[in-house]
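Working notes, beginning with the structure itself.
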Amino acid sequence: QKEVEQDPGPLSVPEGAIVSLNCTYSNSAFQYFMWYRQYSRKGPELLMYTYSSGNKEDGRFTAQVDKSSKYISLFIRDSQPSDSATYLCAMSAMGFQKLVFGTGTRLLVSP
Amino acid sequence: GAGVSQSPSNKVTEKGKDVELRCDPISGHTALYWYRQSLGQGLEFLIYFQGNSAPDKSGLPSDRFSAERTGGSVSTLTIQRTQQEDSAVYLCASSLGGLAGGRSKNIQYFGAGTRLSVL
């Protein structure tokens, strides 16, 4: 069993929809939770960064962490075709630099 | 400012040949990481450098893989006697690291990667 599980998709939605992306994990030591966006043939780009549990909002993006359920989510409001990309969750333990990534969810937003 | 720079962007090689991949981190970043991204797989950690400390090599898949970081800046990942299963995108990332920056020191910024194809 992988430490981090993420549905690969693809997830297809119409423009303007609310998108929910999720990851589950098994290592209770994880304290840092991140979401990266990766366009085709590009490197991952950091979207959101959360420490421990709770919610964080940045524009159209909201990240949620539920450590009791070992479950993290990324919500995208008013999705745009430019949001079409692969979204990778990543996490690490306190003070430990190695990120453990999910396999990524491919999102397609149609006009 | 300049981000993480990787070269070459694409590399095609024959099975059994050695390859070198280069990473130039963000200026001032003391931590540098190498990852591998295979088709349909998540990013797989390979190796981590922090300042002058001994690198964390726990993710290197075999002794054919090695990496060095000269002068605390540029890093080279070397794959000897390449195999077809080595075909992947090799990504480099850097972060502030060290004692500066609080929790944000862990944020890793990625380069565009080197796409390696072993024929």
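Residues are referred to by chain and number: the chain letter is A, B, ... according to the order shown in the structure tokens, the number counts from 1 in that chain, and ligands are numbered separately from 1 in the order shown.
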
Can you list, as a ChimeraX atom specification, every protein, DNA or RNA residue that comes within 12 Å of stretch 69-77 of chain A when you count only C-alpha atoms, leaving out same-chain residues fewer than 6 positions away? /A:3-7,13-37,47-63,83-84,87-91,102,105,107,109

Just list as JSON, numbers by chain whatever in chain A DSSP marks as strand (DSSP E or B). {"A": [4, 5, 11, 12, 13, 14, 19, 20, 21, 22, 23, 24, 25, 30, 31, 32, 33, 34, 35, 36, 37, 38, 45, 46, 47, 48, 49, 50, 51, 54, 55, 56, 57, 58, 61, 62, 63, 64, 65, 66, 71, 72, 73, 74, 75, 76, 85, 86, 87, 88, 89, 90, 91, 92, 93, 100, 101, 105, 106, 107, 108, 109, 110]}

Could the residues in this selection be saved with C-alpha atoms as a short mmCIF file (atom, residue, chain, number, x, y, z; two decimals), in the first residue's frame?
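Okay, this is what ended up in result-v7.cif:
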data_model
loop_
_atom_site.label_atom_id
_atom_site.label_comp_id
_atom_site.auth_asym_id
_atom_site.auth_seq_id
_atom_site.Cartn_x
_atom_site.Cartn_y
_atom_site.Cartn_z
CA VAL A 4 -0.21 8.56 -0.23
CA GLU A 5 -3.18 7.59 -2.38
CA LEU A 11 -11.65 14.40 -13.87
CA SER A 12 -13.66 16.29 -16.50
CA VAL A 13 -15.79 19.29 -15.52
CA PRO A 14 -17.43 22.20 -17.34
CA VAL A 19 -13.71 20.94 -8.35
CA SER A 20 -12.80 18.72 -5.43
CA LEU A 21 -9.45 16.91 -5.43
CA ASN A 22 -8.46 14.57 -2.63
CA CYS A 23 -5.66 12.49 -1.15
CA THR A 24 -5.51 10.01 1.68
CA TYR A 25 -2.39 9.04 3.56
CA PHE A 30 3.05 13.97 8.19
CA GLN A 31 2.71 17.61 9.24
CA TYR A 32 3.28 19.59 6.03
CA PHE A 33 0.73 19.29 3.25
CA MET A 34 1.10 20.78 -0.19
CA TRP A 35 -0.69 20.91 -3.50
CA TYR A 36 1.27 21.28 -6.70
CA ARG A 37 -0.05 21.96 -10.19
CA GLN A 38 1.82 20.48 -13.14
CA GLU A 45 4.34 24.52 -9.34
CA LEU A 46 3.40 25.05 -5.68
CA LEU A 47 -0.25 26.12 -5.26
CA MET A 48 -1.01 25.78 -1.57
CA TYR A 49 0.95 25.00 1.56
CA THR A 50 -0.64 24.00 4.89
CA TYR A 51 0.91 23.10 8.19
CA GLY A 54 -7.28 23.24 9.15
CA ASN A 55 -8.28 25.22 6.12
CA LYS A 56 -6.42 27.71 3.99
CA GLU A 57 -7.88 29.87 1.26
CA ASP A 58 -6.11 31.65 -1.58
CA PHE A 61 -8.38 27.72 -4.14
CA THR A 62 -9.11 26.23 -0.71
CA ALA A 63 -6.98 23.54 0.93
CA GLN A 64 -8.33 21.43 3.79
CA VAL A 65 -6.48 19.02 6.04
CA ASP A 66 -8.22 16.53 8.33
CA TYR A 71 -7.47 13.09 4.37
CA ILE A 72 -6.63 16.27 2.49
CA SER A 73 -8.60 18.17 -0.14
CA LEU A 74 -8.15 20.96 -2.65
CA PHE A 75 -11.23 22.84 -3.84
CA ILE A 76 -11.20 25.02 -6.94
CA ALA A 85 -3.47 20.30 -15.46
CA THR A 86 -2.35 17.49 -13.18
CA TYR A 87 -2.70 18.24 -9.47
CA LEU A 88 -0.25 16.53 -7.13
CA CYS A 89 -0.63 16.33 -3.38
CA ALA A 90 2.58 16.10 -1.39
CA MET A 91 3.39 15.80 2.28
CA SER A 92 6.29 15.51 4.70
CA ALA A 93 6.92 14.91 8.39
CA VAL A 100 6.01 12.00 -0.50
CA PHE A 101 3.79 12.58 -3.51
CA THR A 105 -5.07 13.75 -10.60
CA ARG A 106 -5.49 14.96 -14.16
CA LEU A 107 -8.14 17.70 -14.37
CA LEU A 108 -9.82 18.76 -17.62
CA VAL A 109 -11.99 21.90 -17.60
CA SER A 110 -13.98 22.30 -20.78
#

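Of the residues listed (B:Leu39, B:Gly71, B:Gln6, B:Thr30), B:Thr30 shows the shortest atom-to-atom separation from B:Gly51; distances use only C-alpha atoms.
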
Residues of chain B no more than 10 Å from chain A, counting only C-alpha atoms: send them over as an mmCIF file with all heavy atoms, in the first residue's frame.
data_model
loop_
_atom_site.group_PDB
_atom_site.id
_atom_site.type_symbol
_atom_site.label_atom_id
_atom_site.label_comp_id
_atom_site.auth_asym_id
_atom_site.auth_seq_id
_atom_site.Cartn_x
_atom_site.Cartn_y
_atom_site.Cartn_z
ATOM 1 N N VAL B 4 14.637 27.357 -10.763
ATOM 2 C CA VAL B 4 15.523 26.205 -10.870
ATOM 3 C C VAL B 4 15.721 25.879 -12.349
ATOM 4 O O VAL B 4 14.743 25.776 -13.089
ATOM 5 C CB VAL B 4 14.929 24.994 -10.124
ATOM 6 C CG1 VAL B 4 15.817 23.775 -10.313
ATOM 7 C CG2 VAL B 4 14.747 25.321 -8.647
ATOM 8 N N SER B 9 17.030 19.573 -21.470
ATOM 9 C CA SER B 9 15.595 19.376 -21.256
ATOM 10 C C SER B 9 15.162 17.989 -21.743
ATOM 11 O O SER B 9 14.220 17.412 -21.204
ATOM 12 C CB SER B 9 14.788 20.465 -21.972
ATOM 13 O OG SER B 9 15.143 20.528 -23.334
ATOM 14 N N ALA B 31 19.178 23.929 0.149
ATOM 15 C CA ALA B 31 18.739 22.536 0.016
ATOM 16 C C ALA B 31 18.409 22.237 -1.444
ATOM 17 O O ALA B 31 17.832 23.066 -2.153
ATOM 18 C CB ALA B 31 17.512 22.285 0.887
ATOM 19 N N LEU B 32 18.794 21.037 -1.888
ATOM 20 C CA LEU B 32 18.559 20.633 -3.276
ATOM 21 C C LEU B 32 18.109 19.186 -3.289
ATOM 22 O O LEU B 32 18.635 18.345 -2.539
ATOM 23 C CB LEU B 32 19.843 20.812 -4.096
ATOM 24 C CG LEU B 32 19.766 20.556 -5.610
ATOM 25 C CD1 LEU B 32 20.730 21.475 -6.353
ATOM 26 C CD2 LEU B 32 20.030 19.117 -5.954
ATOM 27 N N TYR B 33 17.144 18.876 -4.133
ATOM 28 C CA TYR B 33 16.524 17.556 -4.183
ATOM 29 C C TYR B 33 16.465 17.071 -5.624
ATOM 30 O O TYR B 33 16.273 17.855 -6.538
ATOM 31 C CB TYR B 33 15.079 17.608 -3.666
ATOM 32 C CG TYR B 33 14.875 18.388 -2.397
ATOM 33 C CD1 TYR B 33 14.852 19.777 -2.408
ATOM 34 C CD2 TYR B 33 14.681 17.742 -1.177
ATOM 35 C CE1 TYR B 33 14.646 20.503 -1.258
ATOM 36 C CE2 TYR B 33 14.478 18.456 -0.023
ATOM 37 C CZ TYR B 33 14.469 19.839 -0.064
ATOM 38 O OH TYR B 33 14.265 20.553 1.097
ATOM 39 N N TRP B 34 16.569 15.763 -5.763
ATOM 40 C CA TRP B 34 16.315 15.115 -7.050
ATOM 41 C C TRP B 34 15.147 14.145 -6.887
ATOM 42 O O TRP B 34 15.083 13.392 -5.901
ATOM 43 C CB TRP B 34 17.534 14.337 -7.540
ATOM 44 C CG TRP B 34 18.634 15.185 -8.122
ATOM 45 C CD1 TRP B 34 19.763 15.618 -7.492
ATOM 46 C CD2 TRP B 34 18.718 15.668 -9.465
ATOM 47 N NE1 TRP B 34 20.545 16.345 -8.355
ATOM 48 C CE2 TRP B 34 19.928 16.392 -9.578
ATOM 49 C CE3 TRP B 34 17.904 15.560 -10.588
ATOM 50 C CZ2 TRP B 34 20.340 17.005 -10.764
ATOM 51 C CZ3 TRP B 34 18.314 16.173 -11.766
ATOM 52 C CH2 TRP B 34 19.516 16.883 -11.847
ATOM 53 N N TYR B 35 14.230 14.163 -7.886
ATOM 54 C CA TYR B 35 13.103 13.249 -7.936
ATOM 55 C C TYR B 35 13.054 12.617 -9.322
ATOM 56 O O TYR B 35 13.562 13.173 -10.296
ATOM 57 C CB TYR B 35 11.777 13.985 -7.701
ATOM 58 C CG TYR B 35 11.575 14.557 -6.324
ATOM 59 C CD1 TYR B 35 12.054 15.824 -6.001
ATOM 60 C CD2 TYR B 35 10.891 13.837 -5.337
ATOM 61 C CE1 TYR B 35 11.857 16.359 -4.737
ATOM 62 C CE2 TYR B 35 10.686 14.365 -4.076
ATOM 63 C CZ TYR B 35 11.170 15.630 -3.785
ATOM 64 O OH TYR B 35 10.976 16.159 -2.528
ATOM 65 N N GLN B 37 10.107 10.995 -12.043
ATOM 66 C CA GLN B 37 8.678 10.890 -12.335
ATOM 67 C C GLN B 37 8.518 9.979 -13.542
ATOM 68 O O GLN B 37 8.823 10.355 -14.666
ATOM 69 C CB GLN B 37 8.068 12.265 -12.614
ATOM 70 C CG GLN B 37 6.563 12.252 -12.759
ATOM 71 C CD GLN B 37 5.987 13.650 -12.887
ATOM 72 O OE1 GLN B 37 6.616 14.562 -13.420
ATOM 73 N NE2 GLN B 37 4.776 13.862 -12.380
ATOM 74 N N SER B 38 8.054 8.773 -13.268
ATOM 75 C CA SER B 38 7.820 7.809 -14.336
ATOM 76 C C SER B 38 6.371 7.900 -14.771
ATOM 77 O O SER B 38 5.512 8.361 -14.026
ATOM 78 C CB SER B 38 8.137 6.395 -13.857
ATOM 79 O OG SER B 38 9.470 6.322 -13.398
ATOM 80 N N LEU B 39 6.102 7.427 -15.988
ATOM 81 C CA LEU B 39 4.752 7.508 -16.562
ATOM 82 C C LEU B 39 3.757 6.826 -15.629
ATOM 83 O O LEU B 39 3.941 5.668 -15.256
ATOM 84 C CB LEU B 39 4.750 6.853 -17.945
ATOM 85 C CG LEU B 39 3.499 7.106 -18.787
ATOM 86 C CD1 LEU B 39 3.365 8.587 -19.100
ATOM 87 C CD2 LEU B 39 3.557 6.291 -20.072
ATOM 88 N N GLY B 40 2.711 7.568 -15.241
ATOM 89 C CA GLY B 40 1.676 6.996 -14.406
ATOM 90 C C GLY B 40 2.048 6.855 -12.937
ATOM 91 O O GLY B 40 1.277 6.333 -12.149
ATOM 92 N N GLN B 41 3.235 7.354 -12.586
ATOM 93 C CA GLN B 41 3.686 7.264 -11.191
ATOM 94 C C GLN B 41 3.835 8.662 -10.606
ATOM 95 O O GLN B 41 4.006 9.638 -11.319
ATOM 96 C CB GLN B 41 5.043 6.548 -11.128
ATOM 97 C CG GLN B 41 5.048 5.166 -11.718
ATOM 98 C CD GLN B 41 4.219 4.196 -10.918
ATOM 99 O OE1 GLN B 41 4.255 4.189 -9.692
ATOM 100 N NE2 GLN B 41 3.443 3.386 -11.599
ATOM 101 N N GLY B 42 3.785 8.744 -9.304
ATOM 102 C CA GLY B 42 4.054 10.003 -8.637
ATOM 103 C C GLY B 42 5.538 10.290 -8.634
ATOM 104 O O GLY B 42 6.339 9.487 -9.101
ATOM 105 N N LEU B 43 5.883 11.430 -8.117
ATOM 106 C CA LEU B 43 7.297 11.748 -8.003
ATOM 107 C C LEU B 43 7.936 10.863 -6.941
ATOM 108 O O LEU B 43 7.418 10.712 -5.842
ATOM 109 C CB LEU B 43 7.493 13.215 -7.626
ATOM 110 C CG LEU B 43 7.485 14.223 -8.757
ATOM 111 C CD1 LEU B 43 6.091 14.418 -9.313
ATOM 112 C CD2 LEU B 43 8.078 15.543 -8.292
ATOM 113 N N GLU B 44 9.086 10.315 -7.292
ATOM 114 C CA GLU B 44 9.817 9.417 -6.403
ATOM 115 C C GLU B 44 11.097 10.126 -5.954
ATOM 116 O O GLU B 44 11.925 10.521 -6.779
ATOM 117 C CB GLU B 44 10.144 8.140 -7.171
ATOM 118 C CG GLU B 44 11.042 7.159 -6.465
ATOM 119 C CD GLU B 44 11.544 6.071 -7.406
ATOM 120 O OE1 GLU B 44 11.372 6.201 -8.631
ATOM 121 O OE2 GLU B 44 12.129 5.103 -6.913
ATOM 122 N N PHE B 45 11.254 10.288 -4.646
ATOM 123 C CA PHE B 45 12.438 10.943 -4.097
ATOM 124 C C PHE B 45 13.694 10.127 -4.392
ATOM 125 O O PHE B 45 13.698 8.901 -4.259
ATOM 126 C CB PHE B 45 12.267 11.088 -2.587
ATOM 127 C CG PHE B 45 13.518 11.446 -1.838
ATOM 128 C CD1 PHE B 45 13.971 12.747 -1.816
ATOM 129 C CD2 PHE B 45 14.244 10.475 -1.172
ATOM 130 C CE1 PHE B 45 15.124 13.079 -1.116
ATOM 131 C CE2 PHE B 45 15.391 10.798 -0.475
ATOM 132 C CZ PHE B 45 15.835 12.094 -0.447
ATOM 133 N N LEU B 46 14.760 10.801 -4.796
ATOM 134 C CA LEU B 46 16.030 10.127 -5.067
ATOM 135 C C LEU B 46 17.099 10.501 -4.046
ATOM 136 O O LEU B 46 17.670 9.636 -3.391
ATOM 137 C CB LEU B 46 16.523 10.476 -6.471
ATOM 138 C CG LEU B 46 15.651 10.012 -7.639
ATOM 139 C CD1 LEU B 46 16.244 10.490 -8.958
ATOM 140 C CD2 LEU B 46 15.495 8.496 -7.637
ATOM 141 N N ILE B 47 17.388 11.806 -3.917
ATOM 142 C CA ILE B 47 18.502 12.238 -3.075
ATOM 143 C C ILE B 47 18.279 13.685 -2.645
ATOM 144 O O ILE B 47 17.619 14.449 -3.335
ATOM 145 C CB ILE B 47 19.849 12.077 -3.815
ATOM 146 C CG1 ILE B 47 21.051 12.335 -2.895
ATOM 147 C CG2 ILE B 47 19.910 12.976 -5.040
ATOM 148 C CD1 ILE B 47 22.383 11.924 -3.506
ATOM 149 N N TYR B 48 18.842 14.040 -1.487
ATOM 150 C CA TYR B 48 18.652 15.368 -0.897
ATOM 151 C C TYR B 48 19.981 15.871 -0.359
ATOM 152 O O TYR B 48 20.677 15.143 0.349
ATOM 153 C CB TYR B 48 17.609 15.245 0.215
ATOM 154 C CG TYR B 48 17.621 16.302 1.281
ATOM 155 C CD1 TYR B 48 17.494 17.651 0.980
ATOM 156 C CD2 TYR B 48 17.721 15.951 2.632
ATOM 157 C CE1 TYR B 48 17.479 18.613 1.974
ATOM 158 C CE2 TYR B 48 17.711 16.899 3.633
ATOM 159 C CZ TYR B 48 17.585 18.232 3.297
ATOM 160 O OH TYR B 48 17.564 19.187 4.281
ATOM 161 N N PHE B 49 20.331 17.109 -0.711
ATOM 162 C CA PHE B 49 21.524 17.790 -0.216
ATOM 163 C C PHE B 49 21.092 18.973 0.658
ATOM 164 O O PHE B 49 20.211 19.733 0.274
ATOM 165 C CB PHE B 49 22.360 18.356 -1.380
ATOM 166 C CG PHE B 49 22.921 17.328 -2.315
ATOM 167 C CD1 PHE B 49 22.202 16.882 -3.413
ATOM 168 C CD2 PHE B 49 24.194 16.809 -2.101
ATOM 169 C CE1 PHE B 49 22.734 15.944 -4.289
ATOM 170 C CE2 PHE B 49 24.738 15.873 -2.965
ATOM 171 C CZ PHE B 49 23.997 15.440 -4.061
ATOM 172 N N GLN B 50 21.737 19.121 1.800
ATOM 173 C CA GLN B 50 21.510 20.284 2.656
ATOM 174 C C GLN B 50 22.869 20.848 3.044
ATOM 175 O O GLN B 50 23.597 20.247 3.840
ATOM 176 C CB GLN B 50 20.707 19.921 3.886
ATOM 177 C CG GLN B 50 20.609 21.046 4.924
ATOM 178 C CD GLN B 50 19.999 22.305 4.354
ATOM 179 O OE1 GLN B 50 18.832 22.322 3.971
ATOM 180 N NE2 GLN B 50 20.768 23.391 4.298
ATOM 181 N N ASP B 56 21.350 12.803 1.842
ATOM 182 C CA ASP B 56 20.430 11.698 2.100
ATOM 183 C C ASP B 56 20.224 10.955 0.783
ATOM 184 O O ASP B 56 19.500 11.436 -0.084
ATOM 185 C CB ASP B 56 19.121 12.248 2.645
ATOM 186 C CG ASP B 56 18.065 11.163 2.871
ATOM 187 O OD1 ASP B 56 18.296 9.992 2.484
ATOM 188 O OD2 ASP B 56 16.996 11.493 3.408
ATOM 189 N N SER B 58 18.892 7.941 0.435
ATOM 190 C CA SER B 58 18.027 6.793 0.704
ATOM 191 C C SER B 58 17.097 6.436 -0.446
ATOM 192 O O SER B 58 16.591 5.320 -0.506
ATOM 193 C CB SER B 58 17.200 7.051 1.966
ATOM 194 O OG SER B 58 16.384 8.190 1.795
ATOM 195 N N GLY B 59 16.859 7.360 -1.375
ATOM 196 C CA GLY B 59 15.947 7.080 -2.476
ATOM 197 C C GLY B 59 16.605 6.582 -3.751
ATOM 198 O O GLY B 59 15.909 6.201 -4.695
ATOM 199 N N VAL B 89 11.149 11.254 -16.322
ATOM 200 C CA VAL B 89 11.501 12.667 -16.181
ATOM 201 C C VAL B 89 12.208 12.827 -14.839
ATOM 202 O O VAL B 89 11.684 12.407 -13.804
ATOM 203 C CB VAL B 89 10.262 13.574 -16.243
ATOM 204 C CG1 VAL B 89 10.656 15.029 -16.031
ATOM 205 C CG2 VAL B 89 9.553 13.412 -17.584
ATOM 206 N N TYR B 90 13.376 13.418 -14.869
ATOM 207 C CA TYR B 90 14.154 13.642 -13.649
ATOM 208 C C TYR B 90 14.017 15.113 -13.262
ATOM 209 O O TYR B 90 14.378 16.012 -14.025
ATOM 210 C CB TYR B 90 15.612 13.242 -13.862
ATOM 211 C CG TYR B 90 15.741 11.742 -13.966
ATOM 212 C CD1 TYR B 90 15.500 11.090 -15.180
ATOM 213 C CD2 TYR B 90 16.051 10.963 -12.849
ATOM 214 C CE1 TYR B 90 15.573 9.706 -15.274
ATOM 215 C CE2 TYR B 90 16.119 9.583 -12.932
ATOM 216 C CZ TYR B 90 15.876 8.962 -14.155
ATOM 217 O OH TYR B 90 15.946 7.591 -14.229
ATOM 218 N N LEU B 91 13.446 15.328 -12.090
ATOM 219 C CA LEU B 91 13.144 16.677 -11.617
ATOM 220 C C LEU B 91 14.067 17.065 -10.476
ATOM 221 O O LEU B 91 14.357 16.251 -9.600
ATOM 222 C CB LEU B 91 11.691 16.756 -11.138
ATOM 223 C CG LEU B 91 10.631 16.652 -12.236
ATOM 224 C CD1 LEU B 91 9.312 16.189 -11.662
ATOM 225 C CD2 LEU B 91 10.458 17.982 -12.934
ATOM 226 N N CYS B 92 14.476 18.297 -10.500
ATOM 227 C CA CYS B 92 15.291 18.874 -9.436
ATOM 228 C C CYS B 92 14.471 19.949 -8.735
ATOM 229 O O CYS B 92 13.666 20.650 -9.386
ATOM 230 C CB CYS B 92 16.570 19.468 -10.029
ATOM 231 S SG CYS B 92 17.628 20.325 -8.857
ATOM 232 N N ALA B 93 14.635 20.083 -7.439
ATOM 233 C CA ALA B 93 13.961 21.128 -6.672
ATOM 234 C C ALA B 93 14.946 21.729 -5.683
ATOM 235 O O ALA B 93 15.931 21.084 -5.303
ATOM 236 C CB ALA B 93 12.755 20.562 -5.933
ATOM 237 N N SER B 95 15.111 24.436 -2.009
ATOM 238 C CA SER B 95 14.384 25.164 -0.975
ATOM 239 C C SER B 95 15.382 25.944 -0.132
ATOM 240 O O SER B 95 16.583 25.695 -0.177
ATOM 241 C CB SER B 95 13.562 24.215 -0.094
ATOM 242 O OG SER B 95 14.397 23.405 0.698
ATOM 243 N N GLY B 97 15.926 25.855 3.077
ATOM 244 C CA GLY B 97 16.635 24.938 3.960
ATOM 245 C C GLY B 97 17.283 25.645 5.132
ATOM 246 O O GLY B 97 17.059 26.833 5.378
ATOM 247 N N ARG B 103 8.902 27.756 8.847
ATOM 248 C CA ARG B 103 8.315 26.593 8.184
ATOM 249 C C ARG B 103 8.442 26.712 6.670
ATOM 250 O O ARG B 103 8.488 25.720 5.969
ATOM 251 C CB ARG B 103 6.857 26.448 8.575
ATOM 252 C CG ARG B 103 6.663 26.152 10.036
ATOM 253 C CD ARG B 103 5.227 25.791 10.342
ATOM 254 N NE ARG B 103 5.047 25.613 11.773
ATOM 255 C CZ ARG B 103 4.281 26.376 12.513
ATOM 256 N NH1 ARG B 103 3.606 27.361 11.980
ATOM 257 N NH2 ARG B 103 4.158 26.160 13.808
ATOM 258 N N SER B 104 8.492 27.928 6.144
ATOM 259 C CA SER B 104 8.564 28.101 4.691
ATOM 260 C C SER B 104 9.865 27.570 4.130
ATOM 261 O O SER B 104 9.993 27.397 2.922
ATOM 262 C CB SER B 104 8.400 29.575 4.332
ATOM 263 O OG SER B 104 9.483 30.330 4.848
ATOM 264 N N LYS B 105 10.834 27.268 5.000
ATOM 265 C CA LYS B 105 12.099 26.744 4.499
ATOM 266 C C LYS B 105 11.905 25.412 3.800
ATOM 267 O O LYS B 105 12.775 24.974 3.058
ATOM 268 C CB LYS B 105 13.091 26.587 5.650
ATOM 269 C CG LYS B 105 12.737 25.487 6.645
ATOM 270 C CD LYS B 105 13.740 25.424 7.780
ATOM 271 C CE LYS B 105 13.358 24.338 8.776
ATOM 272 N NZ LYS B 105 14.271 24.298 9.932
ATOM 273 N N ASN B 106 10.789 24.716 4.082
ATOM 274 C CA ASN B 106 10.570 23.416 3.466
ATOM 275 C C ASN B 106 9.953 23.506 2.084
ATOM 276 O O ASN B 106 9.845 22.491 1.405
ATOM 277 C CB ASN B 106 9.650 22.571 4.349
ATOM 278 C CG ASN B 106 10.327 22.095 5.609
ATOM 279 O OD1 ASN B 106 11.510 21.759 5.577
ATOM 280 N ND2 ASN B 106 9.609 22.075 6.703
ATOM 281 N N ILE B 107 9.463 24.681 1.682
ATOM 282 C CA ILE B 107 8.797 24.786 0.383
ATOM 283 C C ILE B 107 9.811 24.519 -0.723
ATOM 284 O O ILE B 107 10.837 25.180 -0.809
ATOM 285 C CB ILE B 107 8.153 26.162 0.197
ATOM 286 C CG1 ILE B 107 7.050 26.367 1.239
ATOM 287 C CG2 ILE B 107 7.583 26.290 -1.209
ATOM 288 C CD1 ILE B 107 6.454 27.755 1.219
ATOM 289 N N GLN B 108 9.507 23.554 -1.557
ATOM 290 C CA GLN B 108 10.400 23.168 -2.642
ATOM 291 C C GLN B 108 9.889 23.745 -3.961
ATOM 292 O O GLN B 108 8.707 23.648 -4.276
ATOM 293 C CB GLN B 108 10.490 21.647 -2.730
ATOM 294 C CG GLN B 108 11.103 21.028 -1.481
ATOM 295 C CD GLN B 108 11.207 19.525 -1.548
ATOM 296 O OE1 GLN B 108 11.282 18.935 -2.624
ATOM 297 N NE2 GLN B 108 11.227 18.885 -0.395
ATOM 298 N N TYR B 109 10.809 24.307 -4.716
ATOM 299 C CA TYR B 109 10.516 24.881 -6.024
ATOM 300 C C TYR B 109 11.201 24.013 -7.071
ATOM 301 O O TYR B 109 12.392 23.734 -6.973
ATOM 302 C CB TYR B 109 11.001 26.325 -6.087
ATOM 303 C CG TYR B 109 10.294 27.214 -5.096
ATOM 304 C CD1 TYR B 109 10.792 27.368 -3.793
ATOM 305 C CD2 TYR B 109 9.118 27.870 -5.420
ATOM 306 C CE1 TYR B 109 10.131 28.162 -2.869
ATOM 307 C CE2 TYR B 109 8.466 28.674 -4.499
ATOM 308 C CZ TYR B 109 8.970 28.807 -3.233
ATOM 309 O OH TYR B 109 8.327 29.586 -2.314
ATOM 310 N N PHE B 110 10.441 23.631 -8.080
ATOM 311 C CA PHE B 110 10.909 22.652 -9.059
ATOM 312 C C PHE B 110 11.353 23.280 -10.365
ATOM 313 O O PHE B 110 10.812 24.298 -10.812
ATOM 314 C CB PHE B 110 9.794 21.649 -9.372
ATOM 315 C CG PHE B 110 9.571 20.631 -8.292
ATOM 316 C CD1 PHE B 110 8.804 20.931 -7.184
ATOM 317 C CD2 PHE B 110 10.131 19.364 -8.393
ATOM 318 C CE1 PHE B 110 8.603 20.004 -6.187
ATOM 319 C CE2 PHE B 110 9.930 18.420 -7.403
ATOM 320 C CZ PHE B 110 9.159 18.738 -6.299
ATOM 321 N N GLY B 111 12.312 22.619 -10.999
ATOM 322 C CA GLY B 111 12.661 22.920 -12.369
ATOM 323 C C GLY B 111 11.724 22.200 -13.325
ATOM 324 O O GLY B 111 10.834 21.454 -12.895
ATOM 325 N N ALA B 112 11.937 22.404 -14.632
ATOM 326 C CA ALA B 112 11.064 21.796 -15.649
ATOM 327 C C ALA B 112 11.414 20.335 -15.908
ATOM 328 O O ALA B 112 10.643 19.620 -16.546
ATOM 329 C CB ALA B 112 11.133 22.586 -16.943
ATOM 330 N N GLY B 113 12.567 19.898 -15.434
ATOM 331 C CA GLY B 113 12.915 18.492 -15.563
ATOM 332 C C GLY B 113 13.726 18.163 -16.804
ATOM 333 O O GLY B 113 13.794 18.941 -17.755
ATOM 334 N N THR B 114 14.370 16.996 -16.757
ATOM 335 C CA THR B 114 15.045 16.414 -17.921
ATOM 336 C C THR B 114 14.305 15.141 -18.277
ATOM 337 O O THR B 114 14.168 14.254 -17.441
ATOM 338 C CB THR B 114 16.518 16.084 -17.617
ATOM 339 O OG1 THR B 114 17.244 17.289 -17.393
ATOM 340 C CG2 THR B 114 17.139 15.318 -18.785
ATOM 341 N N ARG B 115 13.823 15.087 -19.520
ATOM 342 C CA ARG B 115 13.120 13.892 -19.993
ATOM 343 C C ARG B 115 14.151 12.933 -20.589
ATOM 344 O O ARG B 115 14.750 13.210 -21.621
ATOM 345 C CB ARG B 115 12.083 14.269 -21.031
ATOM 346 C CG ARG B 115 11.174 13.145 -21.496
ATOM 347 C CD ARG B 115 10.077 13.698 -22.399
ATOM 348 N NE ARG B 115 9.238 14.643 -21.670
ATOM 349 C CZ ARG B 115 8.158 14.323 -20.966
ATOM 350 N NH1 ARG B 115 7.774 13.068 -20.919
ATOM 351 N NH2 ARG B 115 7.455 15.244 -20.346
#

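Those residues that approach stretch 20-25 of chain B to within 6 Å, counting only C-alpha atoms, are Val4, Ser5, Gln6, Ser7, Val74, Ser75, Thr76, Leu77, Thr78 and Ser94 of chain B; same-chain residues fewer than 4 positions away are not listed.
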
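The coordinates place atom CA of B:Gln84 at 16.5 Å from atom CA of B:Leu60.
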